[in-house]
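Engineer: Structure: start-v9.cif, mmCIF, C-alpha atoms.
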data_model
loop_
_atom_site.label_atom_id
_atom_site.label_comp_id
_atom_site.auth_asym_id
_atom_site.auth_seq_id
_atom_site.Cartn_x
_atom_site.Cartn_y
_atom_site.Cartn_z
CA MET A 1 0.00 0.00 0.00
CA ARG A 2 1.59 3.25 -1.13
CA LYS A 3 0.02 6.16 0.64
CA LEU A 4 1.62 9.57 0.43
CA ASN A 5 2.65 10.85 3.85
CA TRP A 6 1.47 14.37 3.01
CA PRO A 7 2.02 16.02 6.43
CA ILE A 8 5.78 15.47 6.07
CA TRP A 9 5.93 17.04 2.63
CA LEU A 10 3.64 19.90 3.53
CA GLY A 11 5.63 20.44 6.72
CA LEU A 12 8.85 20.64 4.72
CA LEU A 13 7.29 23.08 2.27
CA VAL A 14 6.05 25.31 5.10
CA SER A 15 9.54 25.16 6.69
CA PHE A 16 11.17 26.50 3.55
CA PHE A 17 8.47 29.13 3.19
CA ALA A 18 9.01 30.14 6.83
CA PHE A 19 12.72 30.64 6.06
CA PHE A 20 12.55 32.49 2.76
CA SER A 21 9.49 34.59 3.54
CA TYR A 22 11.58 36.59 6.03
CA PRO A 23 14.13 38.17 3.65
CA PHE A 24 11.69 38.33 0.74
CA ILE A 25 8.38 39.27 2.37
CA PHE A 26 8.27 39.99 6.09
CA VAL A 27 11.38 42.18 6.19
CA ASN A 28 9.35 44.86 4.39
CA TRP A 29 7.30 45.78 7.47
CA ALA A 30 8.92 46.94 10.68
CA THR A 31 6.52 44.91 12.87
CA THR A 32 7.38 41.60 11.21
CA ARG A 33 11.03 42.58 10.63
CA ASP A 34 12.29 43.67 14.03
CA PHE A 35 11.24 40.34 15.51
CA PRO A 36 10.39 37.53 13.06
CA TRP A 37 7.32 36.32 14.95
CA ALA A 38 5.40 35.68 11.72
CA ASN A 39 8.15 33.32 10.64
CA PHE A 40 8.15 31.55 13.99
CA ILE A 41 4.39 30.99 13.67
CA LEU A 42 5.03 29.43 10.26
CA PHE A 43 7.80 27.27 11.73
CA ALA A 44 5.45 26.17 14.52
CA ILE A 45 2.85 25.12 11.90
CA ALA A 46 5.60 23.28 10.00
CA GLU A 47 6.78 21.43 13.08
CA VAL A 48 3.22 20.37 13.99
CA LEU A 49 2.84 18.93 10.48
CA ILE A 50 6.21 17.21 10.76
CA VAL A 51 5.28 15.63 14.10
CA ILE A 52 1.99 14.37 12.61
CA GLY A 53 3.93 13.06 9.60
CA VAL A 54 6.53 11.28 11.70
CA LYS A 55 3.79 9.65 13.77
CA ARG A 56 2.18 8.42 10.56
CA ALA A 57 5.51 7.22 9.22
CA PHE A 58 6.18 5.17 12.32
CA ALA A 59 2.64 3.82 12.65
CA PRO A 60 2.35 0.02 12.61
CA GLY A 61 2.16 -1.38 9.11
CA ARG A 62 4.20 1.36 7.43
CA ARG A 63 7.20 0.30 5.40
CA VAL A 64 10.78 0.95 6.50
CA PHE A 65 11.13 3.31 3.53
CA SER A 66 8.35 5.49 4.90
CA LYS A 67 10.09 5.62 8.30
CA ILE A 68 13.35 6.70 6.68
CA LEU A 69 11.58 9.38 4.64
CA GLY A 70 9.79 10.62 7.74
CA ALA A 71 13.04 10.84 9.68
CA ILE A 72 14.82 12.68 6.85
CA GLY A 73 11.93 15.12 6.51
CA ALA A 74 12.01 15.86 10.23
CA LEU A 75 15.78 16.33 10.11
CA ILE A 76 15.69 18.73 7.14
CA SER A 77 12.91 20.86 8.62
CA GLY A 78 14.85 21.00 11.90
CA LEU A 79 17.97 22.14 10.04
CA VAL A 80 15.99 24.84 8.23
CA LEU A 81 14.79 26.18 11.59
CA VAL A 82 18.33 26.12 13.04
CA GLY A 83 19.62 27.84 9.88
CA PHE A 84 16.96 30.52 10.24
CA ILE A 85 17.94 31.23 13.83
CA LEU A 86 21.63 31.39 12.83
CA VAL A 87 20.97 33.77 9.93
CA VAL A 88 18.60 36.11 11.76
CA PHE A 89 20.03 36.14 15.28
CA VAL A 90 23.70 35.15 15.02
CA ALA A 91 25.14 36.08 11.60
CA ALA A 92 23.21 39.37 11.54
CA ARG A 93 24.83 40.46 14.82
CA GLN A 94 28.37 40.10 13.48
CA LEU A 95 28.76 43.86 13.03
CA PRO A 96 31.85 46.02 13.64
CA PRO A 97 31.78 47.84 17.01
CA SER A 98 32.01 51.35 15.42
CA THR A 99 33.30 52.83 18.68
CA ASN A 100 34.55 55.95 16.86
CA ALA A 101 31.26 56.65 15.10
CA PRO A 102 30.13 60.23 15.84
CA GLN A 103 28.16 60.47 19.08
CA VAL A 104 25.07 62.54 19.75
CA GLY A 105 26.26 66.13 20.36
CA GLN A 106 29.38 65.73 18.22
CA LYS A 107 30.00 67.33 14.86
CA ALA A 108 29.12 65.04 11.94
CA PRO A 109 32.30 64.45 9.86
CA ALA A 110 32.22 66.35 6.56
CA PHE A 111 32.16 64.48 3.26
CA THR A 112 31.77 65.05 -0.45
CA LEU A 113 30.32 62.17 -2.48
CA ILE A 114 28.69 61.76 -5.87
CA ASP A 115 24.97 61.39 -6.45
CA ILE A 116 23.20 59.23 -9.04
CA ASN A 117 23.86 61.89 -11.69
CA ASN A 118 27.60 61.88 -10.92
CA LYS A 119 27.29 65.32 -9.34
CA GLN A 120 29.44 66.14 -6.30
CA VAL A 121 27.39 66.69 -3.15
CA SER A 122 28.80 67.67 0.24
CA LEU A 123 27.25 67.38 3.69
CA SER A 124 27.20 71.19 3.95
CA ASP A 125 25.33 71.39 0.61
CA LEU A 126 22.76 68.96 1.97
CA LEU A 127 22.37 70.98 5.17
CA SER A 128 22.16 74.41 3.55
CA GLN A 129 20.05 73.83 0.45
CA PRO A 130 16.27 73.98 0.81
CA ILE A 131 14.50 70.64 0.50
CA PRO A 132 12.49 70.41 -2.71
CA SER A 133 8.93 69.24 -2.26
CA ASP A 134 7.93 65.96 -3.87
CA ARG A 135 6.71 67.88 -6.87
CA ALA A 136 9.96 69.44 -8.00
CA GLU A 137 8.34 72.05 -10.26
CA MET A 138 6.74 73.81 -7.29
CA VAL A 139 9.85 75.70 -6.23
CA SER A 140 7.86 77.96 -3.94
CA THR A 141 7.04 74.98 -1.71
CA ALA A 142 10.71 74.17 -1.07
CA ARG A 143 11.40 74.18 2.64
CA PRO A 144 14.52 75.31 4.48
CA SER A 145 16.53 72.33 5.67
CA LYS A 146 16.46 71.71 9.41
CA GLY A 147 18.67 68.72 9.08
CA VAL A 148 19.70 65.63 7.23
CA LEU A 149 19.04 61.99 8.00
CA LEU A 150 22.12 60.05 6.91
CA ILE A 151 21.18 56.45 6.17
CA PHE A 152 24.23 54.26 5.73
CA TYR A 153 23.27 50.91 4.25
CA ARG A 154 25.03 47.78 3.05
CA GLY A 155 24.27 48.36 -0.60
CA TYR A 156 22.98 46.03 -3.25
CA TRP A 157 26.23 46.01 -5.27
CA MET B 1 14.39 52.53 2.18
CA ARG B 2 10.86 51.70 1.20
CA SER B 3 9.50 53.01 4.49
CA ILE B 4 11.59 56.19 4.16
CA GLN B 5 10.15 56.77 0.70
CA LYS B 6 6.64 56.20 2.03
CA GLN B 7 7.17 58.75 4.82
CA LEU B 8 9.00 61.24 2.60
CA PRO B 9 6.24 63.89 2.79
CA GLN B 10 6.39 63.71 6.59
CA PHE B 11 10.18 64.12 6.52
CA THR B 12 9.89 67.07 4.14
CA ALA B 13 7.21 68.60 6.38
CA VAL B 14 9.60 68.68 9.35
CA GLY B 15 12.49 69.90 7.17
CA ILE B 16 14.50 66.68 7.17
CA ARG B 17 16.25 65.48 4.05
CA PRO B 18 16.91 61.71 3.98
CA VAL B 19 20.17 60.78 2.28
CA ALA B 20 21.16 57.17 1.60
CA ILE B 21 24.88 56.31 1.46
CA SER B 22 26.52 53.05 0.40
CA VAL B 23 29.44 51.70 -1.62
CA ASP B 24 27.14 51.18 -4.61
CA THR B 25 28.15 53.07 -7.76
CA PRO B 26 25.95 55.97 -8.97
CA GLU B 27 24.77 53.72 -11.81
CA GLN B 28 23.67 51.00 -9.38
CA SER B 29 21.90 53.53 -7.17
CA ARG B 30 20.23 55.12 -10.18
CA ALA B 31 18.96 51.71 -11.27
CA LEU B 32 17.69 51.01 -7.72
CA SER B 33 16.02 54.43 -7.45
CA GLN B 34 14.30 53.98 -10.79
CA SER B 35 13.10 50.43 -10.21
CA ALA B 36 11.95 51.06 -6.63
CA GLY B 37 10.68 54.60 -7.23
CA TYR B 38 12.96 56.30 -4.68
CA THR B 39 13.05 60.07 -5.09
CA PHE B 40 15.36 61.04 -2.23
CA THR B 41 19.13 61.50 -2.51
CA PHE B 42 21.42 58.49 -2.95
CA LEU B 43 25.17 59.04 -2.64
CA SER B 44 27.93 56.71 -3.76
CA ASP B 45 30.88 56.15 -1.44
CA SER B 46 32.67 53.42 -3.36
CA LYS B 47 36.03 54.48 -1.88
CA LEU B 48 34.59 54.27 1.66
CA GLU B 49 35.59 57.86 2.48
CA ALA B 50 32.56 58.87 4.51
CA ILE B 51 31.98 55.31 5.70
CA THR B 52 35.51 55.26 7.17
CA ARG B 53 35.13 58.74 8.71
CA TYR B 54 31.96 57.58 10.45
CA ASP B 55 33.72 54.35 11.56
CA LEU B 56 31.16 52.11 9.87
CA VAL B 57 33.41 49.91 7.69
CA HIS B 58 32.33 46.28 7.68
CA LYS B 59 35.28 44.41 6.28
CA GLY B 60 34.97 41.67 3.69
CA GLN B 61 31.16 41.64 3.59
CA GLY B 62 30.71 42.97 0.08
CA GLU B 63 30.97 41.58 -3.38
CA ASN B 64 34.18 39.53 -3.83
CA GLY B 65 35.10 40.12 -0.20
CA GLY B 66 35.08 43.90 -0.55
CA ASP B 67 34.36 46.27 2.32
CA ILE B 68 30.93 47.82 2.79
CA SER B 69 29.10 49.98 5.32
CA ARG B 70 27.32 48.51 8.32
CA PRO B 71 23.76 49.83 8.64
CA ALA B 72 23.57 53.07 10.65
CA GLU B 73 21.45 56.21 10.78
CA PHE B 74 22.45 59.71 11.94
CA LEU B 75 20.19 62.72 12.28
CA VAL B 76 22.34 65.82 11.72
CA ASP B 77 20.99 69.31 12.45
CA ALA B 78 21.56 72.42 10.32
CA ARG B 79 24.74 73.27 12.27
CA GLY B 80 26.17 69.86 11.46
CA ILE B 81 25.72 68.38 14.94
CA VAL B 82 24.56 64.77 15.40
CA ARG B 83 21.24 64.96 17.29
CA TRP B 84 20.15 61.33 17.16
CA ARG B 85 21.70 58.13 15.90
CA MET B 86 21.00 54.45 15.60
CA LEU B 87 23.74 51.86 15.28
CA THR B 88 21.76 48.67 15.03
CA GLU B 89 23.09 45.51 16.67
CA ASN B 90 21.33 43.30 14.16
CA TYR B 91 21.35 44.24 10.52
CA TRP B 92 17.78 43.13 9.98
CA VAL B 93 16.65 45.70 12.52
CA ARG B 94 16.65 49.29 11.21
CA ALA B 95 15.43 52.62 12.44
CA ARG B 96 11.72 53.15 11.96
CA PRO B 97 10.65 56.41 10.31
CA GLU B 98 8.49 57.19 13.37
CA GLN B 99 11.56 57.11 15.63
CA VAL B 100 13.41 59.52 13.37
CA LEU B 101 10.42 61.83 12.97
CA GLU B 102 10.07 61.94 16.74
CA ALA B 103 13.75 62.93 17.08
CA ALA B 104 13.38 65.40 14.21
CA LYS B 105 10.65 67.32 16.05
CA ALA B 106 13.26 68.42 18.59
CA LEU B 107 15.37 70.13 15.92
CA GLN B 108 15.17 73.88 15.46
#
Kindly transcribe the structure held in the file into structure tokens.

Structural biologist:
Amino acid sequence: MRKLNWPIWLGLLVSFFAFFSYPFIFVNWATTRDFPWANFILFAIAEVLIVIGVKRAFAPGRRVFSKILGAIGALISGLVLVGFILVVFVAARQLPPSTNAPQVGQKAPAFTLIDINNKQVSLSDLLSQPIPSDRAEMVSTARPSKGVLLIFYRGYW
Amino acid sequence: MRSIQKQLPQFTAVGIRPVAISVDTPEQSRALSQSAGYTFTFLSDSKLEAITRYDLVHKGQGENGGDISRPAEFLVDARGIVRWRMLTENYWVRARPEQVLEAAKALQ
């Protein structure tokens, strides 16, 4: 009797979805990004399915092959969960200490860099020039700059 | 970046100009801005000049083991003084626009 042990396969599928939905989907909203609770809910669903699947695989009358498949499925889904925890909580914390980064109250170091049109832009330009409104043609709505938010990011290379 | 773009009118309303800085080339940033619809300033620091001055270099994390910037945000007032900053401990966790807007209200 060949009966598909669907909870194992579905559990595996949900495990992979729980992993990849973080960088590709849930990272886009601060509430699901700052702590990946949505992904942990998905992992919990996956593990419930896996447990059901393993129970089925080891039920009396099942073939040895089904037991092996069940065990492998459980192992892979466990590894995906461990990998997720490593990626999100361990690897992501390997950041330089940045002890000499400017502190609150200190002067922000000056710089001159190039923008997307290859034009040179300095920090003092950014601080002194009025901020254009979203509709660039309405010059009269430009506002004086009160400050600049510098967002350093890893880049997409 | 997406959330900054979404809150751009609010930033403009309080007189704050968001500026994104990375090692990406101007061409790469232009492509990103166009495809994602970002209208705020993107600056290229491929030689890590500003990134080094702000002590944010993350060694060997980039393409082919190159150096990149760690994520960090600084709110700088019109006199050039840092008034708020966030150096995240986990690179998935970034400043929320609300946090920055709250800090921006204190600026004169």

Engineer: Could you tell me which residues of chain B sit within 7 Å of chain A when counting all atoms listed in the file, and give me the result as number ranges by chain?

Structural biologist: B: 12, 15-24, 26-30, 42-45, 50, 53-56, 58, 63, 68-78, 80-85, 89-93, 96, 107-108

Engineer: Got a sec to resolve the PyMOL selection byres ((chain A and resi 74) around 12) on this structure and send the residues as a ChimeraX atom specification?

Structural biologist: /A:7-13,15,46-55,57,67-73,75-81

Engineer: Separation of atom CA of A:Ile45 and atom CA of A:Val14, in Å?

Structural biologist: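 Pair atom CA of A:Ile45 / atom CA of A:Val14 returns 7.5 Å.
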
Engineer: As AutoDock Vina command-line options, please report the centre and edge lengths, rounded to one decimal in Å, of the axis-aligned box that holds all listed atoms of stretch 117-130 of chain A with 5 Å of padding on each of the six sides.

Structural biologist:
--center_x 22.9 --center_y 68.1 --center_z -3.3 --size_x 23.2 --size_y 22.5 --size_z 26.9

Engineer: Record the distance separating atom CA of B:Lys105 and atom CA of B:Ala36, expressed in Å with one decimal.

Structural biologist: 27.9 Å

Engineer: Which one of B:Phe11, B:Arg79, B:Arg2, B:Ser46 sits closest to B:Gln99 if you count only C-alpha atoms?

Structural biologist: B:Phe11

Engineer: Tell me, in Å to one decimal, how far atom CA of B:Gln34 is from atom CA of B:Leu8.

Structural biologist: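 Computing it gives 16.1 Å between the two atoms.
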
Engineer: Residues within 6 Å of stretch 18-21 of chain A, please, as a compact mmCIF listing (two decimals) with C-alpha atoms, in the frame of the given file. Count all atoms listed in the file; anything in the same chain fewer than 5 positions from it doesn't count.

Structural biologist:
# COMPACT_ATOMS: atom_id res chain seq x y z
CA ASN A 39 8.15 33.32 10.64
CA LEU A 42 5.03 29.43 10.26
CA PHE A 43 7.80 27.27 11.73
CA PHE A 84 16.96 30.52 10.24
